[in-house]
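One structure is given here, and the rest of the page talks about it.
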Amino acid sequence: MLPKPSDWVTFYANVKRKVNLDLDLYKANQLQRRIVSMAEQKDCKSLDQFWTWISLSPANMEWFLDRLAINVSELFRNPEKWREMEAKILPELLKKSSRLKIWSAGCSYGAEAHTLAAILDHKFSGSHKIIGTDIDTAALNQAKAGTFGPTDFKAVPKEYAQYFHAKGSDYTADPRLKKYLEFRKGNLLADRFDTGFDLIMCRNVVIYFTEEAKADLYKKFFQALKPGGILFVGSTERIFKADEIGYQTVLPFYYKKPLLGEKSWRNAS
Ligand SMILES: C[S@@+](CC[C@H](N)C(=O)[O-])C[C@H]1O[C@@H](n2cnc3c(N)ncnc32)[C@H](O)[C@@H]1O
């Protein structure tokens, strides 16, 4: 199948009208390759036919949306960053607030949120809340169930193994983690954001977004953070011109919204 530009315009407009997802904000090459491959799996000969199939039932729509976004994840993904989280970032945040409000934005099936819940419970137990959001309903259902596959577990440090119980070749999160976690549907490219976050984690999500969408998102995260709050991004996602938005880089891939009265690097002379 080789859709024409006008076929894509119609397809994108249909998706936007039906589920308020603006596909123009995703990198076109990757996305279109994925959509064509999905259409071919359903034996559709054109995007128009594929849209007809998608519109047949809510289940078909869900099948399409779930495959649109790649949700690869892992517990303790990039373990060295989680060691910094435990040793430097969380102690600093807890000096300012005893009940942390945290957002795992683009949480997929909840590995990142469960990782942080395990660290909090083990080292900084308290009434903290981690809200995980994603557009992928199937991934969110798995996050709510707290189940993980064998490859998710391979980077879990020894002292945290107690939080993930082997069940055949899979793993289930320990019930102690439940009280920290809440998962709900959310579209980073369309929703109004909640505010007052101590920590926002958005890792390996924006790689699919256009440069403009990325820049807008980082500005919206800045507004959603408390002064002194931290944005934690993926290990290939250094924010270009972070200081222009107002962030201070505290460690690679950790960005801080300065405290009131504290100069951001941009304003420091
Ligand atoms: C590769 S996973 C990242 C999971 C986790 N943050 C990590 O780093 O391990 C990317 C996730 O972004 C989600 N995503 C893509 N576009 C989104 C959007 N517009 N709003 C919310 N989530 C989105 C996908 O559904 C997918 O679960």
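Every chain in the structure tokens has a letter given in the order shown (A, B, ...), and although residue numbers restart at 1 in each chain, ligands are simply numbered from 1 in the order shown.
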Please identify all polymer residues within 12 Å of Lys96 of chain A, counting only C-alpha atoms, omitting same-chain residues fewer than 3 positions from it, and present them as a ChimeraX atom specification.
/A:89-93,99-101,198,226-229,259
Which residues of chain A come within 10 Å of ligand 1, and what is each one's closest atom pair and distance in Å (one decimal), counting only C-alpha atoms and all ligand atoms, sorted by chain and residue number, as JSON lines?
{"residue": "A:Leu21", "atom": "CA", "partner": "ligand 1", "partner_atom_place_in_ligand_line": "19 (N)", "distance": 7.2}
{"residue": "A:Asp22", "atom": "CA", "partner": "ligand 1", "partner_atom_place_in_ligand_line": "19 (N)", "distance": 8.3}
{"residue": "A:Leu23", "atom": "CA", "partner": "ligand 1", "partner_atom_place_in_ligand_line": "19 (N)", "distance": 8.8}
{"residue": "A:Leu25", "atom": "CA", "partner": "ligand 1", "partner_atom_place_in_ligand_line": "19 (N)", "distance": 8.6}
{"residue": "A:Tyr26", "atom": "CA", "partner": "ligand 1", "partner_atom_place_in_ligand_line": "16 (N)", "distance": 8.2}
{"residue": "A:Leu65", "atom": "CA", "partner": "ligand 1", "partner_atom_place_in_ligand_line": "25 (O)", "distance": 8.2}
{"residue": "A:Asp66", "atom": "CA", "partner": "ligand 1", "partner_atom_place_in_ligand_line": "25 (O)", "distance": 6.9}
{"residue": "A:Arg67", "atom": "CA", "partner": "ligand 1", "partner_atom_place_in_ligand_line": "25 (O)", "distance": 8.2}
{"residue": "A:Leu68", "atom": "CA", "partner": "ligand 1", "partner_atom_place_in_ligand_line": "25 (O)", "distance": 7.4}
{"residue": "A:Ala69", "atom": "CA", "partner": "ligand 1", "partner_atom_place_in_ligand_line": "24 (C)", "distance": 4.4}
{"residue": "A:Ile70", "atom": "CA", "partner": "ligand 1", "partner_atom_place_in_ligand_line": "26 (C)", "distance": 5.3}
{"residue": "A:Asn71", "atom": "CA", "partner": "ligand 1", "partner_atom_place_in_ligand_line": "2 (S)", "distance": 3.8}
{"residue": "A:Val72", "atom": "CA", "partner": "ligand 1", "partner_atom_place_in_ligand_line": "1 (C)", "distance": 4.5}
{"residue": "A:Ser73", "atom": "CA", "partner": "ligand 1", "partner_atom_place_in_ligand_line": "9 (O)", "distance": 3.6}
{"residue": "A:Glu74", "atom": "CA", "partner": "ligand 1", "partner_atom_place_in_ligand_line": "9 (O)", "distance": 5.6}
{"residue": "A:Leu75", "atom": "CA", "partner": "ligand 1", "partner_atom_place_in_ligand_line": "9 (O)", "distance": 7.6}
{"residue": "A:Phe76", "atom": "CA", "partner": "ligand 1", "partner_atom_place_in_ligand_line": "9 (O)", "distance": 8.5}
{"residue": "A:Arg77", "atom": "CA", "partner": "ligand 1", "partner_atom_place_in_ligand_line": "9 (O)", "distance": 6.4}
{"residue": "A:Asn78", "atom": "CA", "partner": "ligand 1", "partner_atom_place_in_ligand_line": "8 (O)", "distance": 9.2}
{"residue": "A:Ser104", "atom": "CA", "partner": "ligand 1", "partner_atom_place_in_ligand_line": "6 (N)", "distance": 6.9}
{"residue": "A:Ala105", "atom": "CA", "partner": "ligand 1", "partner_atom_place_in_ligand_line": "21 (C)", "distance": 6.6}
{"residue": "A:Gly106", "atom": "CA", "partner": "ligand 1", "partner_atom_place_in_ligand_line": "22 (N)", "distance": 3.9}
{"residue": "A:Cys107", "atom": "CA", "partner": "ligand 1", "partner_atom_place_in_ligand_line": "6 (N)", "distance": 4.6}
{"residue": "A:Ser108", "atom": "CA", "partner": "ligand 1", "partner_atom_place_in_ligand_line": "27 (O)", "distance": 3.3}
{"residue": "A:Tyr109", "atom": "CA", "partner": "ligand 1", "partner_atom_place_in_ligand_line": "27 (O)", "distance": 6.8}
{"residue": "A:Gly110", "atom": "CA", "partner": "ligand 1", "partner_atom_place_in_ligand_line": "5 (C)", "distance": 7.3}
{"residue": "A:Ala111", "atom": "CA", "partner": "ligand 1", "partner_atom_place_in_ligand_line": "9 (O)", "distance": 6.4}
{"residue": "A:Glu112", "atom": "CA", "partner": "ligand 1", "partner_atom_place_in_ligand_line": "9 (O)", "distance": 5.7}
{"residue": "A:Ala113", "atom": "CA", "partner": "ligand 1", "partner_atom_place_in_ligand_line": "5 (C)", "distance": 8.5}
{"residue": "A:Gly132", "atom": "CA", "partner": "ligand 1", "partner_atom_place_in_ligand_line": "6 (N)", "distance": 9.3}
{"residue": "A:Thr133", "atom": "CA", "partner": "ligand 1", "partner_atom_place_in_ligand_line": "21 (C)", "distance": 6.5}
{"residue": "A:Asp134", "atom": "CA", "partner": "ligand 1", "partner_atom_place_in_ligand_line": "22 (N)", "distance": 3.9}
{"residue": "A:Ile135", "atom": "CA", "partner": "ligand 1", "partner_atom_place_in_ligand_line": "21 (C)", "distance": 4.6}
{"residue": "A:Asp136", "atom": "CA", "partner": "ligand 1", "partner_atom_place_in_ligand_line": "25 (O)", "distance": 4.7}
{"residue": "A:Thr137", "atom": "CA", "partner": "ligand 1", "partner_atom_place_in_ligand_line": "25 (O)", "distance": 8.4}
{"residue": "A:Ala138", "atom": "CA", "partner": "ligand 1", "partner_atom_place_in_ligand_line": "25 (O)", "distance": 9.4}
{"residue": "A:Ala139", "atom": "CA", "partner": "ligand 1", "partner_atom_place_in_ligand_line": "27 (O)", "distance": 6.7}
{"residue": "A:Leu140", "atom": "CA", "partner": "ligand 1", "partner_atom_place_in_ligand_line": "27 (O)", "distance": 8.4}
{"residue": "A:Asp152", "atom": "CA", "partner": "ligand 1", "partner_atom_place_in_ligand_line": "9 (O)", "distance": 9.8}
{"residue": "A:Lys185", "atom": "CA", "partner": "ligand 1", "partner_atom_place_in_ligand_line": "21 (C)", "distance": 7.8}
{"residue": "A:Gly186", "atom": "CA", "partner": "ligand 1", "partner_atom_place_in_ligand_line": "21 (C)", "distance": 5.6}
{"residue": "A:Asn187", "atom": "CA", "partner": "ligand 1", "partner_atom_place_in_ligand_line": "20 (N)", "distance": 3.6}
{"residue": "A:Leu188", "atom": "CA", "partner": "ligand 1", "partner_atom_place_in_ligand_line": "20 (N)", "distance": 3.9}
{"residue": "A:Leu189", "atom": "CA", "partner": "ligand 1", "partner_atom_place_in_ligand_line": "19 (N)", "distance": 4.8}
{"residue": "A:Ala190", "atom": "CA", "partner": "ligand 1", "partner_atom_place_in_ligand_line": "19 (N)", "distance": 7.4}
{"residue": "A:Asp191", "atom": "CA", "partner": "ligand 1", "partner_atom_place_in_ligand_line": "20 (N)", "distance": 8.6}
{"residue": "A:Met201", "atom": "CA", "partner": "ligand 1", "partner_atom_place_in_ligand_line": "6 (N)", "distance": 7.3}
{"residue": "A:Cys202", "atom": "CA", "partner": "ligand 1", "partner_atom_place_in_ligand_line": "6 (N)", "distance": 5.7}
{"residue": "A:Arg203", "atom": "CA", "partner": "ligand 1", "partner_atom_place_in_ligand_line": "8 (O)", "distance": 4.2}
{"residue": "A:Asn204", "atom": "CA", "partner": "ligand 1", "partner_atom_place_in_ligand_line": "8 (O)", "distance": 4.5}
{"residue": "A:Val205", "atom": "CA", "partner": "ligand 1", "partner_atom_place_in_ligand_line": "10 (C)", "distance": 4.3}
{"residue": "A:Val206", "atom": "CA", "partner": "ligand 1", "partner_atom_place_in_ligand_line": "15 (C)", "distance": 7.5}
{"residue": "A:Ile207", "atom": "CA", "partner": "ligand 1", "partner_atom_place_in_ligand_line": "10 (C)", "distance": 8.5}
{"residue": "A:Tyr208", "atom": "CA", "partner": "ligand 1", "partner_atom_place_in_ligand_line": "15 (C)", "distance": 7.2}
{"residue": "A:Phe209", "atom": "CA", "partner": "ligand 1", "partner_atom_place_in_ligand_line": "16 (N)", "distance": 7.8}
{"residue": "A:Ala213", "atom": "CA", "partner": "ligand 1", "partner_atom_place_in_ligand_line": "19 (N)", "distance": 9.8}
{"residue": "A:Val233", "atom": "CA", "partner": "ligand 1", "partner_atom_place_in_ligand_line": "8 (O)", "distance": 8.3}
{"residue": "A:Gly234", "atom": "CA", "partner": "ligand 1", "partner_atom_place_in_ligand_line": "8 (O)", "distance": 6.4}
{"residue": "A:Ser235", "atom": "CA", "partner": "ligand 1", "partner_atom_place_in_ligand_line": "8 (O)", "distance": 9.0}
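With only C-alpha atoms as the atoms that count, the minimum distance from Ala224 of chain A to the choices A:Phe193, A:Tyr171, A:Tyr12, A:Trp103 is reached by A:Phe193.
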Tell me which protein, DNA and RNA residues are within 12 Å of segment 44-50 of chain A, counting only C-alpha atoms, leaving out same-chain ones fewer than 3 positions away, and put them as a ChimeraX atom specification.
/A:1-15,32,35-41,53-56,60-61,64
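Computed from the coordinates, the atom CA of Arg17 of chain A to atom CA of Ala215 of chain A distance equals 24.3 Å.
Between Ile131 of chain A and the residues A:Trp63, A:Phe164, A:Tyr180, A:Tyr254, the shortest atom-to-atom distance, using only C-alpha atoms, involves A:Tyr180.
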